[in-house]
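Chemist: One structure is given below, represented as structure tokens, and several questions about it will come after.
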Amino acid sequence: MVRRTAQEMGYYPNAAAQTLKTKRSFNIGILFQNRLAHEYFSLILESVRQTAEEKNYDITFLGNRHSPGMSYYEHAMYRQCDGVIIAQGNFEFDGLRRLTESDIPVVSVEQAFTGRTVVMSDNVGSMEEIVRYLHGLGYRRLAFIHGEMGDVTRARLTGFHRGCRACGIEIPDHWVIAARFHEPEDSIRATRQLMGEKTPPDCILYPDDISCISGVAAAQGLGLSVPRDISCFGFDGIRLASVMTPSIATYRQNAQDIGRHAANELIAAIEDPKCYVPRVITVPGEIQPGGSIRDLTIL
């Protein structure tokens, strides 16, 4: 009766008063870099938003750019965040140290911090699965253009080498090339370098789908046919990959589950801090076949 009357009168609880009473703001901070235009990260953040709203939490985007002179920790405190999700982790580490070592609950995506929950794709298992898949299609000369060195790349390199060893594939060291994620110029340069070999690889693995699409364009620019002359394999599973010609074979990361886990874990840490135990959550994805790979076992 009281609630109905309050609604009819247009009364809503005061957020500041609720914070004083409950000691919680029901506000989650999101720390990210400017990669919202990338489908994978935007899907993660949308999943975080949906999950948070289902549990009556709001989200606030944090960053030094919006509050010059403030650290990430200070900005989170200023916005009265109950907890923070580090949604895209290519930040300068010292800038994160005070936040990740503070009493504020923190969950990160992909990048691990001591004593904090991290939610990540199965970066080791995914690469092992990709190598097994390609080996089953008859591929033996694999090259890997990987992203910037960090937790994700180190895990993927481990998975790649494990997969190759398990399949009896020997890879020349110079066929494993460093590049940057989502940078077409890097993948174009590396693709040209690999295809200039006297005996080039028969398949190139890329760090993400944007890089793979650029690699396909680079191969075609050299007069090569994809996949007749060279096969290309991406990573992420963005929608653009499926509408390209040829469509891109890729490993689709489960961005929705990653975002959901991150939000649920952070809310659990906020609401039950005495019993919550930080952990590593690995989210599997799946291979998405495409026209950029051909079956070499079929003559």
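In the structure tokens, chains take the letters A, B, ... in the order shown, each chain's residues start at 1, and ligands count up from 1 in the order shown.
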Which of segment 202-298 of chain A end up as helix (DSSP H, G or I) when DSSP is run on this backbone - answer as JSON, numbers by chain?

Modeler: {"A": [209, 210, 211, 212, 213, 214, 215, 216, 217, 218, 219, 220, 221, 239, 240, 241, 242, 243, 255, 256, 257, 258, 259, 260, 261, 262, 263, 264, 265, 266, 267, 268, 269, 270, 271]}

Chemist: What are the closest atom pairs, with distances in Å to one decimal, for each residue of segment 166-268 of chain A lying within 10 Å of segment 291-299 of chain A, using only C-alpha atoms, rows by chain and rising residue number, as a tab-separated table?

Modeler:
```
residue	atom	partner	partner_atom	distance
A:Asp202	CA	A:Leu296	CA	9.7
A:Cys203	CA	A:Ile293	CA	8.0
A:Ile204	CA	A:Ile293	CA	9.9
A:Cys212	CA	A:Ser292	CA	9.5
A:Ile213	CA	A:Ser292	CA	9.6
A:Val216	CA	A:Ser292	CA	8.1
A:Ser225	CA	A:Ser292	CA	9.6
A:Val226	CA	A:Ser292	CA	5.8
A:Pro227	CA	A:Ser292	CA	5.1
A:Arg228	CA	A:Arg294	CA	7.2
A:Asp229	CA	A:Arg294	CA	9.8
A:Ile230	CA	A:Ile293	CA	8.2
A:Ser231	CA	A:Ile293	CA	4.9
A:Cys232	CA	A:Ser292	CA	5.4
A:Phe233	CA	A:Ser292	CA	6.9
A:Gly234	CA	A:Ser292	CA	9.3
A:Ala241	CA	A:Ser292	CA	9.9
A:Ser242	CA	A:Gly291	CA	9.0
A:Met244	CA	A:Gly291	CA	9.0
A:Thr245	CA	A:Gly291	CA	7.7
A:Pro246	CA	A:Gly291	CA	5.0
A:Ser247	CA	A:Gly291	CA	4.8
A:Ile248	CA	A:Ser292	CA	5.2
A:Ala249	CA	A:Ser292	CA	5.7
A:Thr250	CA	A:Ser292	CA	9.1
```

Chemist: Identify which of the residues A:His38, A:His146, A:His174, A:Arg98 lies closest to Leu194 of chain A, counting only C-alpha atoms when measuring atom-to-atom distances.

Modeler: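 Ranking A:His38, A:His146, A:His174, A:Arg98 by distance to Leu194 of chain A, first place goes to A:His174.
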
Chemist: Can you list, as a ChimeraX atom specification, every protein, DNA or RNA residue that comes within 7 Å of Cys81 of chain A when you count only C-alpha atoms, leaving out same-chain residues fewer than 6 positions away?

Modeler: /A:25,27-29

Chemist: Residues of the last selection are to be written out with C-alpha atoms, as an mmCIF file, in the first residue's frame.

Modeler:
```cif
data_model
loop_
_atom_site.group_PDB
_atom_site.id
_atom_site.type_symbol
_atom_site.label_atom_id
_atom_site.label_comp_id
_atom_site.auth_asym_id
_atom_site.auth_seq_id
_atom_site.Cartn_x
_atom_site.Cartn_y
_atom_site.Cartn_z
ATOM 1 C CA SER A 25 25.952 2.816 -4.131
ATOM 2 C CA ASN A 27 27.216 1.458 -8.959
ATOM 3 C CA ILE A 28 29.851 -0.582 -10.820
ATOM 4 C CA GLY A 29 32.825 1.112 -12.434
#
```

Chemist: Segment 77-159 of chain A near segment 51-62 of chain A within 12 Å: what's each residue's closest atom pair and its distance in Å to one decimal, counting only C-alpha atoms, ordered by chain then ascending residue number, as a Markdown table?

Modeler:
```
| residue | atom | partner | partner_atom | distance |
| --- | --- | --- | --- | --- |
| A:Met77 | CA | A:Leu62 | CA | 10.5 |
| A:Tyr78 | CA | A:Leu62 | CA | 10.1 |
| A:Arg79 | CA | A:Thr60 | CA | 7.8 |
| A:Gln80 | CA | A:Thr60 | CA | 9.8 |
| A:Cys81 | CA | A:Thr60 | CA | 8.0 |
| A:Asp82 | CA | A:Tyr57 | CA | 9.6 |
| A:Gly83 | CA | A:Ile59 | CA | 9.9 |
| A:Val84 | CA | A:Leu62 | CA | 8.9 |
| A:Ile85 | CA | A:Phe61 | CA | 9.7 |
| A:Ile86 | CA | A:Leu62 | CA | 9.6 |
| A:Ala87 | CA | A:Phe61 | CA | 10.2 |
| A:Gln88 | CA | A:Leu62 | CA | 11.9 |
| A:Leu99 | CA | A:Leu62 | CA | 11.9 |
```

Chemist: Write a file of the selected residues as a short mmCIF file (atom, residue, chain, number, x, y, z; two decimals), in the first residue's frame, keeping N, CA and C atoms.

Modeler:
```cif
data_model
loop_
_atom_site.label_atom_id
_atom_site.label_comp_id
_atom_site.auth_asym_id
_atom_site.auth_seq_id
_atom_site.Cartn_x
_atom_site.Cartn_y
_atom_site.Cartn_z
N MET A 77 36.70 5.95 -6.39
CA MET A 77 36.22 6.45 -5.11
C MET A 77 35.35 7.69 -5.31
N TYR A 78 35.77 8.56 -6.22
CA TYR A 78 35.01 9.79 -6.49
C TYR A 78 33.61 9.46 -7.01
N ARG A 79 33.51 8.42 -7.83
CA ARG A 79 32.22 8.00 -8.38
C ARG A 79 31.47 7.05 -7.45
N GLN A 80 32.04 6.79 -6.28
CA GLN A 80 31.43 5.94 -5.27
C GLN A 80 31.08 4.55 -5.83
N CYS A 81 32.03 3.98 -6.55
CA CYS A 81 31.81 2.65 -7.14
C CYS A 81 31.95 1.57 -6.06
N ASP A 82 31.01 0.66 -6.03
CA ASP A 82 31.09 -0.48 -5.12
C ASP A 82 32.18 -1.45 -5.56
N GLY A 83 32.47 -1.48 -6.84
CA GLY A 83 33.48 -2.36 -7.39
C GLY A 83 33.81 -1.93 -8.80
N VAL A 84 34.86 -2.51 -9.37
CA VAL A 84 35.32 -2.11 -10.71
C VAL A 84 35.61 -3.34 -11.55
N ILE A 85 35.19 -3.30 -12.82
CA ILE A 85 35.57 -4.31 -13.81
C ILE A 85 36.59 -3.68 -14.74
N ILE A 86 37.76 -4.29 -14.82
CA ILE A 86 38.75 -3.87 -15.81
C ILE A 86 38.43 -4.63 -17.08
N ALA A 87 37.75 -3.95 -17.99
CA ALA A 87 37.16 -4.65 -19.14
C ALA A 87 38.12 -4.79 -20.31
N GLN A 88 39.14 -4.00 -20.36
CA GLN A 88 40.11 -4.13 -21.44
C GLN A 88 41.45 -3.73 -20.86
N LEU A 99 44.64 0.58 -7.61
CA LEU A 99 43.27 0.08 -7.68
C LEU A 99 43.21 -1.40 -7.34
#
```

Chemist: Just the strand (DSSP E) stuff from segment 95-281 of chain A, please, per backbone DSSP, written as an MDAnalysis selection string.

Modeler: chainID A and resid 106:109 117:121 142:146 176:178 203:205 231:233 250:252 280:281

Chemist: So how far away is atom CA of Thr158 of chain A from atom CA of Thr199 of chain A, in Å?

Modeler: 24.9 Å

Chemist: If you measure from atom CA of Ile238 of chain A to atom CA of Arg252 of chain A, what distance in Å do you get, rounded to one decimal?

Modeler: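 Separation of atom CA of Ile238 of chain A and atom CA of Arg252 of chain A: 7.3 Å.
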
Chemist: Which residue gives the smallest distance to Ser126 of chain A among A:Phe32, A:Phe160, A:Tyr276, A:Tyr206, with only C-alpha atoms counted?

Modeler: A:Phe160

Chemist: What does the distance from atom CA of Ser71 of chain A to atom CA of Pro273 of chain A come to in Å, to one decimal?

Modeler: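 Interatomic distance here is 23.9 Å.
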